[in-house]
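J.: Structure file target-v2.txt (compact mmCIF, C-alpha atoms) is given on the next line.
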# COMPACT_ATOMS: atom_id res chain seq x y z
CA MET A 1 -6.03 39.42 -21.84
CA THR A 2 -8.63 39.55 -19.04
CA ASP A 3 -9.73 36.15 -20.31
CA LEU A 4 -6.26 34.73 -19.76
CA ILE A 5 -5.96 36.33 -16.31
CA SER A 6 -9.31 34.93 -15.20
CA THR A 7 -8.25 31.45 -16.38
CA VAL A 8 -4.98 31.75 -14.47
CA VAL A 9 -6.78 32.91 -11.33
CA ALA A 10 -9.53 30.29 -11.60
CA LYS A 11 -7.00 27.46 -11.66
CA TYR A 12 -4.43 28.78 -9.20
CA ASN A 13 -4.38 25.51 -7.24
CA TYR A 14 -2.91 23.74 -10.25
CA TRP A 15 -0.08 26.30 -10.60
CA ILE A 16 0.86 25.86 -6.94
CA TYR A 17 0.88 22.09 -7.19
CA ILE A 18 2.90 22.12 -10.43
CA THR A 19 5.47 24.48 -8.89
CA LEU A 20 5.82 22.35 -5.76
CA MET A 21 6.00 19.14 -7.77
CA MET A 22 8.71 20.51 -10.04
CA ILE A 23 10.75 21.70 -7.04
CA GLY A 24 10.56 18.16 -5.67
CA LEU A 25 11.39 16.57 -9.01
CA TYR A 26 14.39 18.86 -9.50
CA ALA A 27 15.67 18.05 -6.02
CA MET A 28 15.33 14.33 -6.72
CA ILE A 29 17.22 14.55 -10.03
CA ALA A 30 19.85 17.22 -9.50
CA LYS A 31 20.77 17.16 -5.81
CA ASN A 32 23.87 15.21 -4.93
CA ASN A 33 23.06 14.49 -1.30
CA LEU A 34 20.79 11.52 -0.62
CA VAL A 35 18.96 13.22 2.26
CA LYS A 36 18.22 16.19 -0.01
CA LYS A 37 16.81 13.72 -2.55
CA ILE A 38 14.55 12.29 0.16
CA VAL A 39 13.41 15.80 1.08
CA GLY A 40 12.67 16.36 -2.62
CA MET A 41 10.60 13.17 -2.66
CA ASN A 42 8.58 14.50 0.26
CA ILE A 43 7.96 17.84 -1.43
CA PHE A 44 6.78 15.90 -4.49
CA GLN A 45 4.41 13.93 -2.26
CA THR A 46 3.06 17.12 -0.67
CA ALA A 47 2.35 18.48 -4.14
CA ILE A 48 0.24 15.43 -4.95
CA ILE A 49 -1.63 15.70 -1.66
CA LEU A 50 -2.35 19.37 -2.39
CA PHE A 51 -3.54 18.44 -5.88
CA TYR A 52 -5.98 15.81 -4.62
CA VAL A 53 -7.37 17.88 -1.77
CA SER A 54 -7.86 20.93 -4.01
CA ILE A 55 -9.79 18.74 -6.47
CA GLY A 56 -12.28 17.82 -3.76
CA VAL A 57 -13.30 21.43 -3.05
CA LYS A 58 -16.77 22.62 -4.05
CA LYS A 59 -17.88 26.23 -3.81
CA GLY A 60 -20.30 26.83 -0.92
CA ALA A 61 -19.97 23.30 0.45
CA THR A 62 -18.87 22.20 3.89
CA ILE A 63 -16.71 19.37 5.23
CA PRO A 64 -17.97 15.83 4.43
CA ILE A 65 -19.51 15.17 7.85
CA LEU A 66 -23.28 15.02 7.67
CA GLU A 67 -25.26 17.44 9.80
CA HIS A 68 -27.96 16.09 12.11
CA GLY A 69 -26.09 12.84 11.97
CA HIS A 70 -27.35 11.45 15.23
CA GLY A 71 -30.69 11.49 16.93
CA PRO A 72 -33.96 9.78 16.12
CA ASP A 73 -34.77 11.57 12.87
CA VAL A 74 -31.74 10.59 10.84
CA HIS A 75 -33.51 10.60 7.50
CA HIS A 76 -32.78 14.12 6.39
CA VAL A 77 -32.50 14.63 2.68
CA VAL A 78 -28.81 15.03 1.89
CA HIS A 79 -27.78 17.01 -1.16
CA ALA A 80 -24.43 16.19 -2.71
CA VAL A 81 -23.72 19.85 -3.54
CA ASP A 82 -23.71 20.78 0.16
CA TYR A 83 -20.73 18.62 1.03
CA ILE A 84 -17.27 18.56 -0.52
CA ASN A 85 -16.03 15.45 -2.26
CA PRO A 86 -14.96 12.92 0.40
CA LEU A 87 -12.99 10.64 -1.92
CA PRO A 88 -9.77 12.72 -2.26
CA HIS A 89 -9.73 13.07 1.53
CA VAL A 90 -9.95 9.32 1.99
CA LEU A 91 -7.14 8.70 -0.47
CA MET A 92 -4.86 11.38 0.98
CA LEU A 93 -5.51 10.38 4.59
CA THR A 94 -3.89 7.03 3.99
CA ALA A 95 -1.30 8.53 1.64
CA ILE A 96 -0.02 10.88 4.37
CA VAL A 97 0.55 8.07 6.87
CA VAL A 98 2.03 5.77 4.23
CA GLY A 99 4.22 8.71 3.19
CA VAL A 100 5.62 8.93 6.72
CA ALA A 101 6.26 5.18 6.72
CA THR A 102 8.07 5.29 3.36
CA LEU A 103 10.09 8.27 4.58
CA GLY A 104 11.19 6.06 7.46
CA VAL A 105 12.29 3.32 5.07
CA ALA A 106 14.17 5.85 2.92
CA LEU A 107 15.99 7.23 5.95
CA ALA A 108 16.83 3.71 7.14
CA LEU A 109 18.36 2.98 3.73
CA ALA A 110 20.31 6.25 3.91
CA ILE A 111 21.68 5.26 7.34
CA ARG A 112 22.80 1.87 5.97
CA ILE A 113 24.45 3.55 2.99
CA TYR A 114 26.22 5.98 5.30
CA ASN A 115 27.50 3.11 7.44
CA ASN A 116 28.89 1.36 4.37
CA TYR A 117 30.45 4.28 2.49
CA ASN A 118 30.85 6.94 5.20
CA THR A 119 29.24 9.51 2.96
CA LEU A 120 25.82 10.50 1.65
CA GLU A 121 27.12 12.30 -1.47
CA GLU A 122 26.05 10.40 -4.55
CA ASN A 123 29.22 10.98 -6.63
CA GLU A 124 31.50 9.86 -3.80
CA ILE A 125 29.44 6.69 -3.35
CA LEU A 126 29.65 6.03 -7.09
CA THR A 127 33.45 6.40 -7.16
CA GLN A 128 33.73 4.04 -4.21
CA VAL A 129 31.47 1.51 -5.95
CA ARG A 130 33.57 1.73 -9.14
CA GLU A 131 36.84 1.26 -7.27
CA LYS A 132 35.70 -2.04 -5.79
CA MET B 133 23.48 16.48 -14.34
CA LYS B 134 22.03 19.78 -13.11
CA ILE B 135 21.40 20.97 -16.68
CA ILE B 136 19.72 17.69 -17.65
CA GLY B 137 17.61 17.86 -14.50
CA LEU B 138 16.59 21.42 -15.24
CA ILE B 139 15.60 20.49 -18.81
CA ILE B 140 13.53 17.53 -17.60
CA VAL B 141 11.83 19.68 -14.96
CA VAL B 142 11.02 22.47 -17.40
CA VAL B 143 9.64 20.06 -20.01
CA THR B 144 7.54 18.15 -17.48
CA GLY B 145 6.32 21.39 -15.93
CA ALA B 146 5.32 22.75 -19.33
CA LEU B 147 3.44 19.53 -20.10
CA LEU B 148 1.61 19.69 -16.77
CA ILE B 149 0.70 23.35 -17.29
CA TYR B 150 -0.54 22.51 -20.78
CA ALA B 151 -2.66 19.69 -19.30
CA ALA B 152 -3.97 21.90 -16.50
CA ALA B 153 -5.74 24.03 -19.11
CA ASP B 154 -8.23 21.17 -19.58
CA PHE B 155 -8.79 20.68 -15.85
CA PRO B 156 -11.94 21.99 -14.19
CA ALA B 157 -11.64 25.34 -12.44
CA TRP B 158 -10.99 25.39 -8.70
CA SER B 159 -14.06 24.68 -6.49
CA ASP B 160 -16.28 23.87 -9.44
CA PRO B 161 -19.21 21.77 -8.11
CA ALA B 162 -19.75 20.25 -11.58
CA SER B 163 -16.21 18.97 -11.98
CA PRO B 164 -15.91 15.33 -13.12
CA ALA B 165 -14.36 14.25 -9.82
CA SER B 166 -17.37 15.50 -7.88
CA THR B 167 -20.13 14.19 -10.14
CA TYR B 168 -19.38 10.54 -10.77
CA LEU B 169 -18.98 8.54 -7.57
CA SER B 170 -18.93 11.00 -4.68
CA PRO B 171 -22.65 12.01 -4.79
CA TYR B 172 -23.51 8.36 -4.11
CA PHE B 173 -21.28 8.33 -1.04
CA ILE B 174 -22.60 11.65 0.25
CA GLU B 175 -26.25 10.74 -0.18
CA LYS B 176 -26.25 7.06 0.77
CA THR B 177 -23.65 6.82 3.57
CA MET B 178 -26.12 7.70 6.30
CA GLU B 179 -28.76 5.13 5.28
CA GLU B 180 -26.28 2.39 4.52
CA THR B 181 -23.79 2.68 7.39
CA SER B 182 -25.25 5.22 9.87
CA VAL B 183 -21.88 6.98 10.06
CA PRO B 184 -22.13 10.79 9.69
CA ASN B 185 -18.43 11.18 8.83
CA ILE B 186 -18.41 10.19 5.17
CA VAL B 187 -14.62 10.01 5.06
CA THR B 188 -14.56 7.35 7.78
CA ALA B 189 -17.34 5.36 6.14
CA VAL B 190 -15.67 5.39 2.73
CA LEU B 191 -12.27 4.64 4.23
CA ALA B 192 -13.19 1.63 6.31
CA ASP B 193 -16.29 0.28 4.60
CA TYR B 194 -16.65 1.13 0.91
CA ARG B 195 -12.90 1.09 0.35
CA GLY B 196 -12.10 -1.42 3.07
CA PHE B 197 -9.77 -3.50 0.93
CA ASP B 198 -7.69 -0.48 -0.01
CA THR B 199 -7.31 0.59 3.62
CA MET B 200 -6.44 -2.94 4.71
CA PHE B 201 -3.53 -3.04 2.33
CA GLU B 202 -2.49 0.51 3.25
CA THR B 203 -2.23 -0.78 6.82
CA THR B 204 -0.18 -3.69 5.53
CA VAL B 205 2.11 -1.22 3.73
CA ILE B 206 2.67 0.62 7.01
CA PHE B 207 3.33 -2.67 8.78
CA SER B 208 5.86 -3.70 6.15
CA ALA B 209 7.57 -0.30 6.38
CA GLY B 210 8.08 -0.85 10.10
CA VAL B 211 9.39 -4.37 9.50
CA VAL B 212 11.72 -3.13 6.75
CA CYS B 213 13.23 -0.49 9.06
CA PHE B 214 13.77 -3.23 11.63
CA PHE B 215 15.44 -5.56 9.12
CA LEU B 216 17.60 -2.84 7.59
CA LEU B 217 18.93 -1.35 10.80
CA ARG B 218 18.42 -3.70 13.71
CA ILE B 219 19.16 -7.17 12.33
CA SER B 220 22.53 -6.19 10.90
CA ARG B 221 23.47 -4.71 14.30
CA ARG B 222 23.04 -7.99 16.13
CA GLU B 223 26.43 -9.39 15.17
CA GLU B 224 28.16 -6.17 16.22
CA GLU B 225 30.05 -6.55 19.50
CA GLU B 226 28.71 -4.96 22.63
CA PRO B 227 31.04 -2.25 23.92
CA GLU B 228 33.60 -3.72 26.31
CA THR B 229 33.03 -1.18 29.03
CA ARG B 230 29.53 -0.66 30.35
CA TYR B 231 28.42 2.33 32.36
CA TYR B 232 25.70 2.28 34.96
CA ARG B 233 24.27 5.17 36.90
CA HIS B 234 22.78 4.90 40.35
CA VAL B 235 19.47 6.69 39.95
CA LEU B 236 19.16 8.15 43.46
CA THR B 237 22.70 9.39 44.02
CA GLY B 238 23.81 9.91 40.42
CA VAL B 239 27.01 7.91 40.98
CA THR B 240 28.31 6.37 37.75
CA ILE B 241 30.12 3.06 37.81
CA GLN B 242 32.14 1.51 35.04
CA LEU B 243 32.25 -2.25 34.42
CA LYS B 244 34.81 -3.94 32.19
CA GLU B 245 34.67 -6.88 29.81
CA GLY B 246 31.22 -8.30 29.87
CA TYR B 247 30.37 -7.84 33.52
CA LYS B 248 26.73 -6.94 33.98
CA ILE B 249 24.56 -5.65 36.77
CA PRO B 250 21.35 -7.65 37.19
CA PRO B 251 18.39 -5.54 36.11
CA SER B 252 17.06 -3.47 39.00
CA ALA B 253 15.33 -0.17 39.55
CA ASP B 254 18.33 1.30 41.34
CA PHE B 255 20.70 1.32 38.38
CA GLU B 256 20.13 2.47 34.82
CA ARG B 257 22.50 1.77 31.97
CA ILE B 258 23.90 4.83 30.21
CA ASP B 259 26.19 5.55 27.29
CA ALA B 260 29.80 6.66 27.56
CA VAL B 261 28.63 10.12 26.50
CA TRP B 262 25.53 10.85 28.51
CA THR B 263 23.62 14.07 28.94
CA PRO B 264 21.06 14.11 31.73
CA PRO B 265 17.54 14.91 30.50
CA ASP B 266 16.49 18.45 31.31
CA LEU B 267 14.23 18.69 34.36
CA ILE B 268 11.85 21.31 32.94
CA ILE B 269 11.40 19.42 29.67
CA LYS B 270 10.98 16.12 31.51
CA THR B 271 8.33 17.47 33.85
CA GLY B 272 6.54 19.38 31.11
CA CYS B 273 6.31 16.30 28.92
CA ARG B 274 5.20 14.17 31.82
CA ILE B 275 2.22 16.50 32.28
CA LEU B 276 1.49 16.73 28.56
CA ILE B 277 1.70 13.08 27.53
CA PRO B 278 -1.45 11.77 29.30
CA PHE B 279 -3.55 14.50 27.71
CA ILE B 280 -2.08 13.78 24.28
CA GLN B 281 -2.94 10.10 24.71
CA LEU B 282 -6.45 10.90 25.93
CA PHE B 283 -6.97 13.11 22.91
CA ALA B 284 -5.68 10.34 20.65
CA LEU B 285 -8.19 7.87 22.11
CA TYR B 286 -10.93 10.47 21.58
CA VAL B 287 -9.86 10.90 17.97
CA ILE B 288 -10.05 7.12 17.38
CA ALA B 289 -13.32 6.57 19.22
CA HIS B 290 -15.03 9.65 17.80
CA GLY B 291 -13.94 9.10 14.21
CA HIS B 292 -17.54 8.39 13.26
CA HIS B 293 -18.89 11.80 14.23
CA SER B 294 -15.98 14.21 13.91
CA PRO B 295 -12.75 14.40 11.92
CA GLY B 296 -10.59 11.52 13.05
CA GLY B 297 -10.15 7.81 12.89
CA GLY B 298 -7.57 5.11 13.26
CA PHE B 299 -4.77 6.65 11.20
CA GLN B 300 -4.92 10.06 12.88
CA GLY B 301 -5.41 8.71 16.40
CA GLY B 302 -2.66 6.13 15.92
CA VAL B 303 -0.21 8.81 14.81
CA ILE B 304 -1.07 10.99 17.84
CA LEU B 305 -0.61 8.01 20.19
CA GLY B 306 2.71 7.19 18.55
CA ALA B 307 3.77 10.84 18.80
CA SER B 308 3.10 10.82 22.55
CA VAL B 309 5.44 7.87 23.05
CA ILE B 310 8.04 9.46 20.75
CA LEU B 311 7.76 12.66 22.82
CA PHE B 312 8.53 10.56 25.88
CA ALA B 313 11.57 9.08 24.13
CA ILE B 314 12.80 12.55 23.15
CA SER B 315 12.25 14.17 26.53
CA HIS B 316 13.83 11.31 28.51
CA ASP B 317 16.04 9.02 26.48
CA LEU B 318 15.53 6.05 24.22
CA ARG B 319 16.58 3.47 26.81
CA THR B 320 13.87 4.67 29.22
CA ALA B 321 11.26 4.61 26.46
CA VAL B 322 12.28 1.08 25.38
CA ARG B 323 12.12 -0.08 29.00
CA ARG B 324 8.53 1.18 29.15
CA MET B 325 7.56 -0.19 25.74
CA SER B 326 9.86 -3.00 24.71
CA GLU B 327 10.86 -3.85 21.17
CA LYS B 328 9.03 -7.15 21.39
CA LEU B 329 5.79 -5.50 22.48
CA ILE B 330 6.00 -3.01 19.62
CA GLY B 331 6.53 -5.80 17.09
CA ILE B 332 3.62 -7.79 18.46
CA LEU B 333 1.30 -4.74 18.56
CA CYS B 334 2.20 -3.96 14.96
CA ALA B 335 1.10 -7.43 13.84
CA VAL B 336 -1.94 -7.45 16.16
CA GLY B 337 -3.26 -4.24 14.58
CA VAL B 338 -3.16 -5.67 11.07
CA SER B 339 -4.63 -8.96 12.34
CA ILE B 340 -7.58 -7.16 13.96
CA TYR B 341 -8.36 -5.57 10.61
CA ALA B 342 -7.95 -8.74 8.58
CA GLY B 343 -9.65 -10.77 11.33
CA THR B 344 -12.76 -8.58 11.22
CA GLY B 345 -12.88 -9.20 7.49
CA ALA B 346 -12.40 -12.93 7.95
CA LEU B 347 -15.13 -12.99 10.62
CA CYS B 348 -17.57 -11.60 8.07
CA LEU B 349 -16.42 -14.34 5.71
CA LEU B 350 -17.14 -16.98 8.37
CA LEU B 351 -20.60 -15.50 8.92
CA LYS B 352 -21.45 -16.25 5.28
CA GLN B 353 -20.99 -12.76 3.87
CA ASN B 354 -18.36 -11.14 1.71
CA PHE B 355 -14.93 -10.31 3.10
CA LEU B 356 -15.18 -7.01 5.06
CA ASP B 357 -18.98 -6.84 4.67
CA TYR B 358 -19.67 -5.76 8.26
CA SER B 359 -23.43 -6.24 8.04
CA ALA B 360 -22.67 -9.91 8.68
CA LEU B 361 -21.73 -8.95 12.25
CA ALA B 362 -25.39 -8.07 13.00
CA GLY B 363 -26.06 -11.51 14.43
CA VAL B 364 -22.99 -11.48 16.66
CA LEU B 365 -23.48 -7.93 17.99
CA HIS B 366 -27.30 -8.21 18.25
CA VAL B 367 -27.94 -5.02 16.28
CA ASP B 368 -29.48 -4.31 12.90
CA PRO B 369 -27.20 -4.71 9.85
CA ILE B 370 -26.78 -0.94 9.36
CA THR B 371 -25.55 -0.33 12.91
CA ALA B 372 -23.39 -3.43 12.55
CA ARG B 373 -21.58 -1.73 9.68
CA SER B 374 -20.91 1.27 11.93
CA HIS B 375 -19.54 -1.03 14.65
CA GLY B 376 -17.45 -2.95 12.14
CA ILE B 377 -15.88 0.33 11.05
CA LEU B 378 -14.96 1.08 14.67
CA MET B 379 -13.35 -2.36 15.01
CA VAL B 380 -11.11 -1.94 11.98
CA GLU B 381 -10.29 1.65 13.01
CA ILE B 382 -9.01 0.31 16.33
CA GLY B 383 -6.88 -2.20 14.43
CA VAL B 384 -5.50 0.56 12.20
CA GLY B 385 -4.80 2.72 15.25
CA ILE B 386 -2.78 0.00 16.98
CA ALA B 387 -0.81 -0.81 13.84
CA VAL B 388 0.01 2.85 13.12
CA LEU B 389 0.94 3.52 16.75
CA ALA B 390 3.37 0.61 16.88
CA THR B 391 4.88 1.33 13.47
CA MET B 392 5.54 5.00 14.22
CA ILE B 393 7.38 4.10 17.45
CA TRP B 394 9.23 1.25 15.76
CA ILE B 395 10.46 3.43 12.90
CA TYR B 396 11.46 6.21 15.30
CA ASN B 397 13.36 3.86 17.64
CA ASN B 398 15.28 2.27 14.81
CA ILE B 399 16.14 5.43 12.90
CA SER B 400 16.94 7.73 15.81
CA SER B 401 19.50 5.28 17.20
CA ALA B 402 20.56 3.74 13.84
CA GLY B 403 19.45 0.35 15.14
CA ARG B 404 21.65 0.49 18.26
CA TYR B 405 18.91 1.30 20.79
CA ARG B 406 21.21 3.40 22.92
CA GLN B 407 20.52 6.85 24.22
CA GLY B 408 19.00 8.02 20.95
CA LEU B 409 18.44 11.69 20.21
Turn the structure described in the file into structure tokens.
T.:
Amino acid sequence: MTDLISTVVAKYNYWIYITLMMIGLYAMIAKNNLVKKIVGMNIFQTAIILFYVSIGVKKGATIPILEHGHGPDVHHVVHAVDYINPLPHVLMLTAIVVGVATLGVALALAIRIYNNYNTLEENEILTQVREK
Amino acid sequence: MKIIGLIIVVVTGALLIYAAADFPAWSDPASPASTYLSPYFIEKTMEETSVPNIVTAVLADYRGFDTMFETTVIFSAGVVCFFLLRISRREEEEPETRYYRHVLTGVTIQLKEGYKIPPSADFERIDAVWTPPDLIIKTGCRILIPFIQLFALYVIAHGHHSPGGGFQGGVILGASVILFAISHDLRTAVRRMSEKLIGILCAVGVSIYAGTGALCLLLKQNFLDYSALAGVLHVDPITARSHGILMVEIGVGIAVLATMIWIYNNISSAGRYRQGL
């Protein structure tokens, strides 16, 4: 039992990301309103960002900016265990900005749909499409 | 639909939880993600690029191609918003009655059927429903915006030594202009930074990035291998890589700045470019 609890505690970042991701997925599938679907997509995205950033963490390490970076004696010996993994940060840095840009495109599409059908509810749009 | 969605979510969640059992524990230094490629970056970045911020070095140098196309994605997102909302508005008729407000006296005049006032500083065009911007908010933002922009420039220029870089600085710069558009109105913001200028800046940012890469190609090195710039900048190849990173970060900053404003302008006014929010 203590074994199970220690496993659950040791991997708590995964439980948070799974919960967030499933909230986003449910919103994308089950919600009727297109803006709510877009919000769900963003929650999904946040879950992935959380997942990546939590993977980069190392115990006892600091942010990936080298100490004594400038100055004449730049050739300090750098140990990889002292700094957290920079790769997830690089990937998520661009993903956040691209996420904002895609959110903009999604909202622009929603505005166009609203102009055409005068509603953002999916079932009402579908009935209008079928009637035509 | 809700039941099906719930079933899908529960099944996917169960699969992910099952998979998470094989994942390394949180903050484990020996996890696969931290042992394969990242030690190379952490240990070699300083000798190879002389940039203390590893994230910046990996972003703009080691993974330069990836970042270039991320910038292109942002550029295309801005263009798509423009095409979706703005282009289709062009054929729409202008409203028959136009309203102008005399800035000094606050007198509003109404013009019918296509009459226009020649552009001048005395009159500003307003919508039929117009709320004057709040004085406290206007003044507060006017004080804040220069400092926000200064901070954004610091974030771009200091991306080598502290957290920051082109993406972050560009977003802060864009946010300052968006704050201006919110605190005043969209027409004022577009007068200061026209649609054409935003479109050009957007393309210029991506071109600076791709152009830096092409310059390296012309100097007989690989695309985006900044050590080729050593001869042009009169520095050693390692410092040249650091300077090349700064050049592409500036390009990224300009592209992100322009795209953020472009997307905001188009979405907040649904492509009409009137008063906005």
J.: Contacts between chain A and chain B, please, where a residue of chain B counts if it comes within 6 Å (with all atoms listed in the file); show its shortest atom pair and distance in Å to one decimal, rows by chain and ascending number, as JSON lines.
T.:
{"residue": "B:Lys134", "atom": "CA", "partner": "A:Ala30", "partner_atom": "CA", "distance": 4.9}
{"residue": "B:Gly137", "atom": "CA", "partner": "A:Ala30", "partner_atom": "CA", "distance": 5.5}
{"residue": "B:Val141", "atom": "CA", "partner": "A:Met22", "partner_atom": "CA", "distance": 5.9}
{"residue": "B:Ala157", "atom": "CA", "partner": "A:Lys11", "partner_atom": "CA", "distance": 5.2}
{"residue": "B:Trp158", "atom": "CA", "partner": "A:Lys11", "partner_atom": "CA", "distance": 5.4}
{"residue": "B:Ser159", "atom": "CA", "partner": "A:Lys58", "partner_atom": "CA", "distance": 4.2}
{"residue": "B:Asp160", "atom": "CA", "partner": "A:Lys58", "partner_atom": "CA", "distance": 5.6}
{"residue": "B:Pro161", "atom": "CA", "partner": "A:Lys58", "partner_atom": "CA", "distance": 4.8}
{"residue": "B:Ser166", "atom": "CA", "partner": "A:Asn85", "partner_atom": "CA", "distance": 5.8}
{"residue": "B:Ser170", "atom": "CA", "partner": "A:Asn85", "partner_atom": "CA", "distance": 5.8}
{"residue": "B:Pro171", "atom": "CA", "partner": "A:Ala80", "partner_atom": "CA", "distance": 5.0}
{"residue": "B:Ile174", "atom": "CA", "partner": "A:Ala80", "partner_atom": "CA", "distance": 5.7}
{"residue": "B:Glu175", "atom": "CA", "partner": "A:Val78", "partner_atom": "CA", "distance": 5.4}
{"residue": "B:Pro184", "atom": "CA", "partner": "A:Leu66", "partner_atom": "CA", "distance": 4.8}
{"residue": "B:Asn185", "atom": "CA", "partner": "A:Ile65", "partner_atom": "CA", "distance": 4.2}
{"residue": "B:Ile186", "atom": "CA", "partner": "A:Pro64", "partner_atom": "CA", "distance": 5.7}
{"residue": "B:Val187", "atom": "CA", "partner": "A:Pro86", "partner_atom": "CA", "distance": 5.5}
{"residue": "B:Leu191", "atom": "CA", "partner": "A:Val90", "partner_atom": "CA", "distance": 5.7}
{"residue": "B:Ile206", "atom": "CA", "partner": "A:Ala101", "partner_atom": "CA", "distance": 5.8}
{"residue": "B:Ala209", "atom": "CA", "partner": "A:Ala101", "partner_atom": "CA", "distance": 5.6}
{"residue": "B:Cys213", "atom": "CA", "partner": "A:Val105", "partner_atom": "CA", "distance": 5.6}
J.: May I have the residues within 12 Å of segment 346-350 of chain B as an MDAnalysis selection string, using only C-alpha atoms and disregarding those fewer than 2 positions away in the same chain?
T.: chainID B and resid 339:344 352:364 369 372:373 376 379:380
J.: Quick check, in Å to one decimal: how far apart do atom CA of Gln128 of chain A and atom CA of Leu34 of chain A lie?
T.: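 So the answer is 15.4 Å.
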J.: For the atom pair atom CA of Val212 of chain B and atom CA of Asn116 of chain A, what is the interatomic distance in Å to one decimal place?
T.: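 Straight-line distance from atom CA of Val212 of chain B to atom CA of Asn116 of chain A works out to 17.9 Å.
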J.: Residues at most 8 Å from Leu20 of chain A, counting only C-alpha atoms, excluding those fewer than 6 positions away in the same chain, as a ChimeraX atom specification?
T.: /A:43-44,46-47
J.: Please, could you write that set of residues out with C-alpha atoms as a CSV table (one decimal), in the frame of the given file?
T.:
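Now in selection27.csv:
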chain,number,residue,atom,x,y,z
A,43,ILE,CA,8.0,17.8,-1.4
A,44,PHE,CA,6.8,15.9,-4.5
A,46,THR,CA,3.1,17.1,-0.7
A,47,ALA,CA,2.4,18.5,-4.1
J.: So what do you get for atom CA of Phe299 of chain B versus atom CA of Val35 of chain A, distance-wise?
T.: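 Distance reported for this atom pair: 26.2 Å.
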J.: Applying 7 Å and all atoms listed in the file, which residues near segment 398-407 of chain B remain after dropping the ones on its own chain fewer than 4 positions away? List them as a list of chain:residue names.
T.: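 Here the answer would be A:Ala108, A:Ile111, B:Cys213, B:Phe214, B:Leu217, B:Arg218, B:Arg221, B:Asp259, B:Asp317, B:Leu318, B:Arg319, B:Trp394.
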J.: Leaving out segment 263-268 of chain B and any residue of its chain fewer than 5 positions from it, which residues lie within 9 Å of it when counting all atoms listed in the file, given as a compact mmCIF listing (two decimals) with C-alpha atoms, in the frame of the given file?
T.:
# COMPACT_ATOMS: atom_id res chain seq x y z
CA CYS B 273 6.31 16.30 28.92
CA SER B 315 12.25 14.17 26.53
CA HIS B 316 13.83 11.31 28.51
CA ASP B 317 16.04 9.02 26.48
J.: Let me know the centre plus edge lengths, in Å and rounded to one decimal, of a box with edges along x, y and z that contains all listed atoms of segment 320-335 of chain B and is padded by 6 Å on every side, as AutoDock Vina command-line options.
T.:
--center_x 7.5 --center_y -1.6 --center_z 21.5 --size_x 24.8 --size_y 24.5 --size_z 27.4
J.: Which residues are near Arg257 of chain B? Cut-off 9 Å, only C-alpha atoms, ignore same chain within fewer than 3 positions. Put them as a PDB file with C-alpha atoms, in the frame of the given file.
T.:
ATOM      1  CA  ARG B 230      29.530  -0.660  30.350  1.00  0.00           C
ATOM      2  CA  TYR B 231      28.420   2.330  32.360  1.00  0.00           C
ATOM      3  CA  TYR B 232      25.700   2.280  34.960  1.00  0.00           C
ATOM      4  CA  ARG B 233      24.270   5.170  36.900  1.00  0.00           C
ATOM      5  CA  HIS B 234      22.780   4.900  40.350  1.00  0.00           C
ATOM      6  CA  ARG B 319      16.580   3.470  26.810  1.00  0.00           C
TER       7      ARG B 319
END
